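Participant: Sharing model20.cif here; it has mmCIF, N, CA and C atoms.
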```cif
data_structure
#
loop_
_atom_site.label_atom_id
_atom_site.label_comp_id
_atom_site.auth_asym_id
_atom_site.auth_seq_id
_atom_site.Cartn_x
_atom_site.Cartn_y
_atom_site.Cartn_z
N MET A 1 -104.82 40.38 -102.16
CA MET A 1 -103.46 40.31 -101.64
C MET A 1 -103.14 38.87 -101.26
N ASN A 2 -101.99 38.42 -101.62
CA ASN A 2 -101.53 37.08 -101.30
C ASN A 2 -101.19 37.02 -99.80
N ARG A 3 -101.68 36.00 -99.11
CA ARG A 3 -101.45 35.88 -97.66
C ARG A 3 -99.98 35.75 -97.30
N ASP A 4 -99.17 35.24 -98.22
CA ASP A 4 -97.74 35.06 -97.94
C ASP A 4 -96.91 36.28 -98.32
N GLU A 5 -97.57 37.29 -98.86
CA GLU A 5 -96.88 38.48 -99.32
C GLU A 5 -96.62 39.43 -98.15
N ALA A 6 -95.46 40.04 -98.14
CA ALA A 6 -95.13 41.00 -97.08
C ALA A 6 -95.99 42.25 -97.21
N ILE A 7 -96.36 42.83 -96.11
CA ILE A 7 -97.11 44.08 -96.11
C ILE A 7 -96.12 45.22 -96.24
N ALA A 8 -96.39 46.11 -97.17
CA ALA A 8 -95.51 47.27 -97.36
C ALA A 8 -95.75 48.25 -96.22
N PHE A 9 -94.71 48.58 -95.50
CA PHE A 9 -94.82 49.51 -94.38
C PHE A 9 -93.59 50.38 -94.37
N GLY A 10 -93.78 51.66 -94.58
CA GLY A 10 -92.64 52.56 -94.70
C GLY A 10 -92.27 53.26 -93.41
N GLY A 11 -92.83 52.86 -92.27
CA GLY A 11 -92.61 53.59 -91.05
C GLY A 11 -91.55 53.02 -90.13
N SER A 12 -90.76 52.07 -90.61
CA SER A 12 -89.77 51.46 -89.75
C SER A 12 -88.52 51.14 -90.56
N SER A 13 -87.38 51.26 -89.91
CA SER A 13 -86.14 51.01 -90.63
C SER A 13 -85.00 50.83 -89.64
N TRP A 14 -83.99 50.10 -90.03
CA TRP A 14 -82.75 50.07 -89.26
C TRP A 14 -81.60 50.11 -90.25
N VAL A 15 -80.52 50.68 -89.82
CA VAL A 15 -79.36 50.82 -90.70
C VAL A 15 -78.10 50.85 -89.85
N THR A 16 -77.05 50.21 -90.35
CA THR A 16 -75.73 50.34 -89.73
C THR A 16 -75.08 51.49 -90.48
N VAL A 17 -74.75 52.54 -89.77
CA VAL A 17 -74.31 53.77 -90.42
C VAL A 17 -72.84 53.73 -90.80
N GLY A 18 -72.45 54.69 -91.62
CA GLY A 18 -71.08 54.77 -92.09
C GLY A 18 -70.14 55.42 -91.09
N VAL A 19 -70.55 55.47 -89.84
CA VAL A 19 -69.74 56.07 -88.79
C VAL A 19 -69.20 54.93 -87.93
N SER A 20 -67.94 55.00 -87.60
CA SER A 20 -67.43 54.04 -86.61
C SER A 20 -66.81 54.84 -85.47
N LEU A 21 -66.96 54.31 -84.29
CA LEU A 21 -66.39 54.94 -83.10
C LEU A 21 -65.18 54.12 -82.68
N ARG A 22 -64.11 54.79 -82.33
CA ARG A 22 -62.88 54.09 -81.95
C ARG A 22 -62.45 54.56 -80.57
N THR A 23 -62.03 53.61 -79.79
CA THR A 23 -61.52 53.94 -78.47
C THR A 23 -60.38 52.99 -78.12
N ARG A 24 -59.37 53.53 -77.49
CA ARG A 24 -58.23 52.71 -77.09
C ARG A 24 -58.50 52.11 -75.72
N LEU A 25 -58.27 50.82 -75.61
CA LEU A 25 -58.46 50.13 -74.33
C LEU A 25 -57.25 50.34 -73.44
N GLY A 26 -57.52 50.54 -72.17
CA GLY A 26 -56.43 50.64 -71.20
C GLY A 26 -55.90 49.24 -70.89
N PRO A 27 -54.76 49.14 -70.22
CA PRO A 27 -54.19 47.84 -69.89
C PRO A 27 -55.19 47.00 -69.07
N GLY A 28 -55.52 45.83 -69.59
CA GLY A 28 -56.44 44.93 -68.90
C GLY A 28 -57.91 45.34 -68.94
N GLU A 29 -58.21 46.43 -69.63
CA GLU A 29 -59.59 46.91 -69.69
C GLU A 29 -60.41 46.02 -70.63
N PRO A 30 -61.55 45.53 -70.16
CA PRO A 30 -62.39 44.69 -71.03
C PRO A 30 -63.12 45.57 -72.05
N PRO A 31 -63.34 45.05 -73.24
CA PRO A 31 -64.07 45.81 -74.27
C PRO A 31 -65.44 46.29 -73.78
N ARG A 32 -66.09 45.52 -72.94
CA ARG A 32 -67.43 45.89 -72.44
C ARG A 32 -67.40 47.26 -71.75
N ARG A 33 -66.38 47.51 -70.95
CA ARG A 33 -66.27 48.78 -70.25
C ARG A 33 -66.12 49.94 -71.25
N ALA A 34 -65.35 49.72 -72.29
CA ALA A 34 -65.17 50.76 -73.31
C ALA A 34 -66.48 51.01 -74.06
N VAL A 35 -67.24 49.95 -74.36
CA VAL A 35 -68.53 50.11 -75.05
C VAL A 35 -69.50 50.89 -74.16
N GLN A 36 -69.50 50.61 -72.86
CA GLN A 36 -70.39 51.33 -71.94
C GLN A 36 -70.00 52.81 -71.85
N ALA A 37 -68.71 53.11 -71.89
CA ALA A 37 -68.28 54.51 -71.88
C ALA A 37 -68.73 55.21 -73.16
N LEU A 38 -68.60 54.53 -74.30
CA LEU A 38 -69.08 55.09 -75.56
C LEU A 38 -70.59 55.28 -75.53
N LEU A 39 -71.30 54.34 -74.92
CA LEU A 39 -72.77 54.44 -74.82
C LEU A 39 -73.16 55.69 -74.03
N ARG A 40 -72.46 55.98 -72.95
CA ARG A 40 -72.75 57.20 -72.18
C ARG A 40 -72.52 58.44 -73.04
N SER A 41 -71.46 58.43 -73.85
CA SER A 41 -71.19 59.56 -74.74
C SER A 41 -72.28 59.71 -75.80
N VAL A 42 -72.73 58.59 -76.34
CA VAL A 42 -73.81 58.62 -77.34
C VAL A 42 -75.09 59.14 -76.69
N GLY A 43 -75.42 58.65 -75.50
CA GLY A 43 -76.61 59.11 -74.79
C GLY A 43 -76.58 60.60 -74.53
N LYS A 44 -75.43 61.09 -74.11
CA LYS A 44 -75.28 62.53 -73.85
C LYS A 44 -75.46 63.33 -75.14
N ALA A 45 -74.87 62.86 -76.23
CA ALA A 45 -74.98 63.57 -77.52
C ALA A 45 -76.44 63.58 -78.01
N LEU A 46 -77.15 62.48 -77.84
CA LEU A 46 -78.56 62.43 -78.26
C LEU A 46 -79.41 63.37 -77.41
N SER A 47 -79.17 63.38 -76.10
CA SER A 47 -79.94 64.26 -75.21
C SER A 47 -79.70 65.72 -75.55
N VAL A 48 -78.46 66.08 -75.87
CA VAL A 48 -78.14 67.45 -76.26
C VAL A 48 -78.83 67.79 -77.58
N HIS A 49 -78.77 66.87 -78.52
CA HIS A 49 -79.37 67.11 -79.84
C HIS A 49 -80.89 67.32 -79.75
N PHE A 50 -81.55 66.53 -78.91
CA PHE A 50 -83.01 66.61 -78.78
C PHE A 50 -83.43 67.40 -77.55
N GLU A 51 -82.55 68.28 -77.08
CA GLU A 51 -82.80 69.05 -75.86
C GLU A 51 -84.19 69.68 -75.86
N GLY A 52 -84.91 69.45 -74.77
CA GLY A 52 -86.24 70.01 -74.62
C GLY A 52 -87.33 69.17 -75.28
N ARG A 53 -86.93 68.24 -76.15
CA ARG A 53 -87.92 67.39 -76.83
C ARG A 53 -87.89 65.96 -76.31
N ALA A 54 -86.72 65.48 -75.94
CA ALA A 54 -86.59 64.10 -75.45
C ALA A 54 -85.22 63.92 -74.83
N ALA A 55 -85.14 62.97 -73.91
CA ALA A 55 -83.85 62.63 -73.30
C ALA A 55 -83.56 61.16 -73.61
N ALA A 56 -82.31 60.84 -73.79
CA ALA A 56 -81.92 59.46 -74.09
C ALA A 56 -82.01 58.60 -72.83
N ARG A 57 -82.50 57.38 -73.02
CA ARG A 57 -82.51 56.36 -71.97
C ARG A 57 -81.46 55.32 -72.36
N LEU A 58 -80.65 54.90 -71.40
CA LEU A 58 -79.57 53.96 -71.70
C LEU A 58 -79.89 52.58 -71.16
N ASP A 59 -79.60 51.57 -71.97
CA ASP A 59 -79.70 50.17 -71.56
C ASP A 59 -78.29 49.61 -71.68
N ALA A 60 -77.57 49.58 -70.57
CA ALA A 60 -76.16 49.17 -70.59
C ALA A 60 -76.02 47.70 -70.97
N GLU A 61 -76.98 46.87 -70.58
CA GLU A 61 -76.92 45.44 -70.89
C GLU A 61 -76.92 45.19 -72.39
N ARG A 62 -77.72 45.96 -73.11
CA ARG A 62 -77.83 45.79 -74.57
C ARG A 62 -77.03 46.82 -75.35
N ALA A 63 -76.32 47.69 -74.66
CA ALA A 63 -75.52 48.75 -75.28
C ALA A 63 -76.37 49.57 -76.24
N THR A 64 -77.54 50.01 -75.73
CA THR A 64 -78.49 50.73 -76.56
C THR A 64 -78.94 52.03 -75.89
N ALA A 65 -78.97 53.10 -76.68
CA ALA A 65 -79.53 54.38 -76.24
C ALA A 65 -80.83 54.57 -77.02
N THR A 66 -81.91 54.96 -76.32
CA THR A 66 -83.22 55.10 -76.94
C THR A 66 -83.77 56.50 -76.69
N VAL A 67 -84.41 57.06 -77.71
CA VAL A 67 -85.06 58.36 -77.62
C VAL A 67 -86.45 58.22 -78.22
N THR A 68 -87.45 58.79 -77.55
CA THR A 68 -88.81 58.80 -78.08
C THR A 68 -89.29 60.25 -78.20
N LEU A 69 -89.63 60.64 -79.43
CA LEU A 69 -90.16 61.97 -79.69
C LEU A 69 -91.66 61.86 -79.90
N ARG A 70 -92.42 62.79 -79.35
CA ARG A 70 -93.87 62.84 -79.55
C ARG A 70 -94.21 64.20 -80.15
N ILE A 71 -94.77 64.16 -81.37
CA ILE A 71 -95.05 65.39 -82.11
C ILE A 71 -96.56 65.50 -82.35
N PRO A 72 -97.22 66.48 -81.73
CA PRO A 72 -98.67 66.66 -81.95
C PRO A 72 -98.95 67.01 -83.42
N GLU A 73 -100.02 66.44 -83.96
CA GLU A 73 -100.42 66.71 -85.34
C GLU A 73 -101.78 67.41 -85.35
N PRO A 74 -102.06 68.16 -86.41
CA PRO A 74 -103.29 68.97 -86.46
C PRO A 74 -104.59 68.19 -86.27
N GLU A 75 -104.65 66.95 -86.77
CA GLU A 75 -105.90 66.20 -86.69
C GLU A 75 -106.11 65.52 -85.33
N GLY A 76 -105.26 65.83 -84.37
CA GLY A 76 -105.45 65.32 -83.02
C GLY A 76 -104.63 64.09 -82.68
N SER A 77 -103.94 63.54 -83.64
CA SER A 77 -103.08 62.39 -83.34
C SER A 77 -101.71 62.90 -82.90
N ILE A 78 -100.91 61.98 -82.42
CA ILE A 78 -99.54 62.30 -82.04
C ILE A 78 -98.62 61.39 -82.84
N LYS A 79 -97.69 62.00 -83.55
CA LYS A 79 -96.69 61.21 -84.28
C LYS A 79 -95.62 60.81 -83.27
N VAL A 80 -95.38 59.52 -83.16
CA VAL A 80 -94.39 59.01 -82.23
C VAL A 80 -93.19 58.50 -83.03
N CYS A 81 -92.02 59.02 -82.71
CA CYS A 81 -90.78 58.62 -83.38
C CYS A 81 -89.90 57.96 -82.34
N GLU A 82 -89.69 56.67 -82.50
CA GLU A 82 -88.81 55.94 -81.57
C GLU A 82 -87.49 55.66 -82.27
N LEU A 83 -86.43 56.11 -81.64
CA LEU A 83 -85.08 55.95 -82.19
C LEU A 83 -84.24 55.16 -81.20
N SER A 84 -83.47 54.22 -81.71
CA SER A 84 -82.51 53.56 -80.83
C SER A 84 -81.19 53.42 -81.57
N VAL A 85 -80.13 53.54 -80.80
CA VAL A 85 -78.78 53.37 -81.32
C VAL A 85 -78.14 52.26 -80.50
N THR A 86 -77.80 51.16 -81.17
CA THR A 86 -77.15 50.04 -80.50
C THR A 86 -75.70 50.00 -80.96
N LEU A 87 -74.79 49.88 -80.01
CA LEU A 87 -73.36 49.86 -80.33
C LEU A 87 -72.91 48.40 -80.49
N LEU A 88 -72.36 48.11 -81.65
CA LEU A 88 -71.89 46.76 -81.97
C LEU A 88 -70.37 46.78 -82.14
N ALA A 89 -69.68 45.96 -81.36
CA ALA A 89 -68.22 45.88 -81.50
C ALA A 89 -67.90 45.25 -82.85
N ASP A 90 -66.98 45.86 -83.57
CA ASP A 90 -66.63 45.36 -84.90
C ASP A 90 -65.29 44.64 -84.88
N GLU A 91 -64.28 45.29 -84.28
CA GLU A 91 -62.97 44.64 -84.23
C GLU A 91 -62.13 45.22 -83.11
N LEU A 92 -61.16 44.44 -82.69
CA LEU A 92 -60.15 44.88 -81.73
C LEU A 92 -58.83 44.80 -82.47
N THR A 93 -58.21 45.95 -82.71
CA THR A 93 -56.97 45.97 -83.49
C THR A 93 -55.81 45.45 -82.66
N GLU A 94 -54.70 45.23 -83.34
CA GLU A 94 -53.50 44.73 -82.66
C GLU A 94 -53.00 45.68 -81.59
N ASP A 95 -53.21 46.99 -81.81
CA ASP A 95 -52.74 47.96 -80.81
C ASP A 95 -53.85 48.34 -79.82
N GLU A 96 -54.77 47.38 -79.55
CA GLU A 96 -55.79 47.50 -78.51
C GLU A 96 -56.77 48.66 -78.74
N GLU A 97 -57.08 48.93 -80.01
CA GLU A 97 -58.10 49.93 -80.32
C GLU A 97 -59.38 49.17 -80.68
N LEU A 98 -60.46 49.50 -79.99
CA LEU A 98 -61.75 48.87 -80.22
C LEU A 98 -62.53 49.71 -81.23
N VAL A 99 -63.01 49.06 -82.28
CA VAL A 99 -63.82 49.72 -83.30
C VAL A 99 -65.27 49.31 -83.06
N VAL A 100 -66.14 50.30 -82.89
CA VAL A 100 -67.55 50.07 -82.60
C VAL A 100 -68.39 50.72 -83.70
N VAL A 101 -69.39 49.97 -84.18
CA VAL A 101 -70.26 50.47 -85.24
C VAL A 101 -71.67 50.63 -84.67
N PRO A 102 -72.26 51.82 -84.80
CA PRO A 102 -73.63 52.03 -84.32
C PRO A 102 -74.66 51.51 -85.32
N ARG A 103 -75.70 50.86 -84.79
CA ARG A 103 -76.85 50.48 -85.63
C ARG A 103 -78.02 51.34 -85.18
N ILE A 104 -78.63 52.03 -86.12
CA ILE A 104 -79.76 52.91 -85.81
C ILE A 104 -81.06 52.21 -86.20
N ARG A 105 -82.02 52.23 -85.29
CA ARG A 105 -83.36 51.76 -85.60
C ARG A 105 -84.29 52.95 -85.40
N ALA A 106 -85.11 53.21 -86.40
CA ALA A 106 -86.07 54.30 -86.30
C ALA A 106 -87.44 53.75 -86.67
N GLU A 107 -88.43 54.09 -85.87
CA GLU A 107 -89.80 53.67 -86.13
C GLU A 107 -90.71 54.85 -85.89
N VAL A 108 -91.66 55.05 -86.81
CA VAL A 108 -92.60 56.15 -86.69
C VAL A 108 -94.01 55.57 -86.77
N TYR A 109 -94.86 55.95 -85.84
CA TYR A 109 -96.26 55.55 -85.88
C TYR A 109 -97.09 56.68 -85.30
N ARG A 110 -98.39 56.56 -85.45
CA ARG A 110 -99.29 57.59 -84.91
C ARG A 110 -100.09 57.00 -83.76
N ARG A 111 -100.33 57.83 -82.76
CA ARG A 111 -101.13 57.42 -81.61
C ARG A 111 -102.35 58.32 -81.57
N LYS A 112 -103.53 57.70 -81.63
CA LYS A 112 -104.78 58.46 -81.56
C LYS A 112 -105.82 57.62 -80.84
N ASP A 113 -106.51 58.24 -79.90
CA ASP A 113 -107.54 57.56 -79.12
C ASP A 113 -107.00 56.28 -78.46
N ASP A 114 -105.79 56.37 -77.89
CA ASP A 114 -105.14 55.25 -77.20
C ASP A 114 -104.87 54.04 -78.09
N VAL A 115 -104.74 54.26 -79.39
CA VAL A 115 -104.43 53.19 -80.33
C VAL A 115 -103.22 53.62 -81.15
N ASP A 116 -102.28 52.71 -81.36
CA ASP A 116 -101.13 52.97 -82.23
C ASP A 116 -101.50 52.58 -83.66
N TRP A 117 -101.31 53.52 -84.58
CA TRP A 117 -101.66 53.32 -85.98
C TRP A 117 -100.41 53.29 -86.83
N LEU A 118 -100.40 52.42 -87.85
CA LEU A 118 -99.30 52.40 -88.80
C LEU A 118 -99.19 53.77 -89.46
N ALA A 119 -97.98 54.17 -89.72
CA ALA A 119 -97.73 55.44 -90.40
C ALA A 119 -97.04 55.12 -91.72
N SER A 120 -97.82 54.63 -92.66
CA SER A 120 -97.23 54.18 -93.93
C SER A 120 -96.62 55.32 -94.73
N ASP A 121 -96.93 56.56 -94.37
CA ASP A 121 -96.37 57.71 -95.07
C ASP A 121 -95.11 58.24 -94.39
N ALA A 122 -94.53 57.45 -93.51
CA ALA A 122 -93.44 57.95 -92.67
C ALA A 122 -92.04 57.61 -93.17
N SER A 123 -91.91 57.04 -94.35
CA SER A 123 -90.57 56.66 -94.86
C SER A 123 -89.59 57.83 -94.85
N ALA A 124 -90.06 58.99 -95.29
CA ALA A 124 -89.18 60.16 -95.33
C ALA A 124 -88.77 60.58 -93.92
N ASP A 125 -89.71 60.49 -92.96
CA ASP A 125 -89.39 60.81 -91.56
C ASP A 125 -88.31 59.88 -91.03
N VAL A 126 -88.46 58.59 -91.31
CA VAL A 126 -87.49 57.59 -90.84
C VAL A 126 -86.12 57.87 -91.44
N ASP A 127 -86.08 58.13 -92.75
CA ASP A 127 -84.80 58.41 -93.40
C ASP A 127 -84.15 59.67 -92.84
N GLN A 128 -84.97 60.71 -92.62
CA GLN A 128 -84.45 61.96 -92.08
C GLN A 128 -83.90 61.77 -90.68
N LEU A 129 -84.64 61.04 -89.83
CA LEU A 129 -84.17 60.80 -88.46
C LEU A 129 -82.88 60.00 -88.45
N ALA A 130 -82.79 58.99 -89.29
CA ALA A 130 -81.57 58.18 -89.35
C ALA A 130 -80.37 59.04 -89.78
N ALA A 131 -80.58 59.90 -90.77
CA ALA A 131 -79.49 60.78 -91.23
C ALA A 131 -79.09 61.77 -90.13
N GLU A 132 -80.09 62.28 -89.42
CA GLU A 132 -79.83 63.23 -88.33
C GLU A 132 -78.99 62.55 -87.23
N ILE A 133 -79.35 61.33 -86.89
CA ILE A 133 -78.63 60.60 -85.84
C ILE A 133 -77.22 60.27 -86.31
N GLU A 134 -77.06 59.94 -87.58
CA GLU A 134 -75.72 59.67 -88.09
C GLU A 134 -74.83 60.91 -87.92
N ASP A 135 -75.38 62.10 -88.18
CA ASP A 135 -74.63 63.34 -87.98
C ASP A 135 -74.26 63.52 -86.51
N VAL A 136 -75.20 63.23 -85.60
CA VAL A 136 -74.93 63.33 -84.16
C VAL A 136 -73.79 62.40 -83.78
N LEU A 137 -73.83 61.16 -84.29
CA LEU A 137 -72.82 60.17 -83.95
C LEU A 137 -71.44 60.55 -84.49
N SER A 138 -71.41 61.28 -85.59
CA SER A 138 -70.13 61.70 -86.16
C SER A 138 -69.35 62.61 -85.22
N ALA A 139 -70.09 63.28 -84.34
CA ALA A 139 -69.45 64.23 -83.41
C ALA A 139 -69.10 63.58 -82.07
N VAL A 140 -69.49 62.32 -81.86
CA VAL A 140 -69.23 61.66 -80.56
C VAL A 140 -67.76 61.30 -80.46
N SER A 141 -67.20 61.62 -79.31
CA SER A 141 -65.82 61.19 -79.04
C SER A 141 -65.82 60.46 -77.70
N PRO A 142 -65.00 59.45 -77.59
CA PRO A 142 -64.95 58.64 -76.36
C PRO A 142 -64.47 59.44 -75.16
#
```
Would you write the structure of this file as structure tokens?
Facilitator:
Amino acid sequence: MNRDEAIAFGGSSWVTVGVSLRTRLGPGEPPRRAVQALLRSVGKALSVHFEGRAAARLDAERATATVTLRIPEPEGSIKVCELSVTLLADELTEDEELVVVPRIRAEVYRRKDDVDWLASDASADVDQLAAEIEDVLSAVSP
């Protein structure tokens, strides 16, 4: 293997989804406040979707909601799926409507004997989780 060659790893991905969230700003309302309100809605939707399996954690400073799923596997390892949704402001229209685009990051790895292992077979898991989250985001309303 060439030392300058990238290592193929199918367990991590990020994507800006085809969903945009729109919210109208009130008079004098800063876009940051609207993004934080959308973040709370996204966090609530993620927690409902993963009810009983994981709850969303919110980072208001970075406008990111994070969920970590832990799935026991037969050979004694635990598949860890870390998902984050970061809200990125895209545009502010002339009529004070803020358009926000979510970026999804999904990473899957295995934890066994207190060591995190690459999950090179996780590409399908990552793609499935990203698609699932895109569906969740489609239902979010401000």
Participant: Residues of stretch 22-58 of chain A within 8 Å of stretch 99-108 of chain A: nearest atom pair and distance (Å, one decimal) for each, counting all atoms listed in the file, sorted by chain and number, as CSV?
Facilitator:
```
residue,atom,partner,partner_atom,distance
A:Arg22,CA,A:Val99,CA,4.7
A:Thr23,N,A:Val99,N,5.3
A:Arg24,N,A:Val99,N,7.5
A:Val35,CA,A:Val100,CA,7.6
```
Participant: Take the residues from that selection and put them in a file with N, CA and C atoms, as a PDB file, in the frame of the given file.
Facilitator:
```
ATOM      1  N   ARG A  22     -64.110  54.790 -82.330  1.00  0.00           N
ATOM      2  CA  ARG A  22     -62.880  54.090 -81.950  1.00  0.00           C
ATOM      3  C   ARG A  22     -62.450  54.560 -80.570  1.00  0.00           C
ATOM      4  N   THR A  23     -62.030  53.610 -79.790  1.00  0.00           N
ATOM      5  CA  THR A  23     -61.520  53.940 -78.470  1.00  0.00           C
ATOM      6  C   THR A  23     -60.380  52.990 -78.120  1.00  0.00           C
ATOM      7  N   ARG A  24     -59.370  53.530 -77.490  1.00  0.00           N
ATOM      8  CA  ARG A  24     -58.230  52.710 -77.090  1.00  0.00           C
ATOM      9  C   ARG A  24     -58.500  52.110 -75.720  1.00  0.00           C
ATOM     10  N   VAL A  35     -67.240  49.950 -74.360  1.00  0.00           N
ATOM     11  CA  VAL A  35     -68.530  50.110 -75.050  1.00  0.00           C
ATOM     12  C   VAL A  35     -69.500  50.890 -74.160  1.00  0.00           C
TER      13      VAL A  35
END
```
Participant: Quick one: pick out all strand (DSSP E) residues within chain A from a backbone DSSP run and write them as a PyMOL selection string.
Facilitator: chain A and resi 12-16+21-24+57-59+64-72+78-92+97-112+115-118
Participant: Do you have the atom C of A:Arg110-atom CA of A:Ala130 distance handy?
Facilitator: 19.4 Å
Participant: On this structure, the PyMOL selection byres ((chain A and resi 50-66) around 8) would catch which residues? List them as a list in words, sorted by chain and number.
Facilitator: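 Selected by the PyMOL selection byres ((chain A and resi 50-66) around 8) in this file: Val35, Gln36, Leu39, Arg40, Val42, Gly43, Lys44, Ala45, Leu46, Ser47, Val48, His49, Val67, Thr68, Leu69, Arg70, Glu82, Leu83, Ser84, Val85, Thr86, Leu87 and Leu88 of chain A.
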Participant: What's the separation between atom CA of A:Leu25 and atom N of A:Ile133, in Å to one decimal place?
Facilitator: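 Separating atom CA of A:Leu25 from atom N of A:Ile133 is a distance of 26.8 Å.
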Participant: Just to confirm, what's the straight-line distance from atom CA of A:Asp113 to atom CA of A:Lys79 in Å (one decimal)?
Facilitator: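 A separation of 12.6 Å between them.
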Participant: Return the single residue from A:Leu21, A:Ile71, A:Ile78, A:Leu118 that is closest to A:Leu38, with distances computed using only C-alpha atoms.
Facilitator: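 Among the listed residues, A:Leu21 lies closest to A:Leu38.
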Participant: As a VMD selection string, list the residues of stretch 9-69 of chain A assigned to alpha helix (DSSP H) by DSSP on the backbone atoms of this structure.
Facilitator: chain A and resid 31 to 49
Participant: At a cut-off of 12 Å, using only C-alpha atoms, what residues contact A:Pro27? Leave out same-chain residues fewer than 2 positions from it and give the result as a PyMOL selection string.
Facilitator: chain A and resi 24-25+29-31+34+95-97
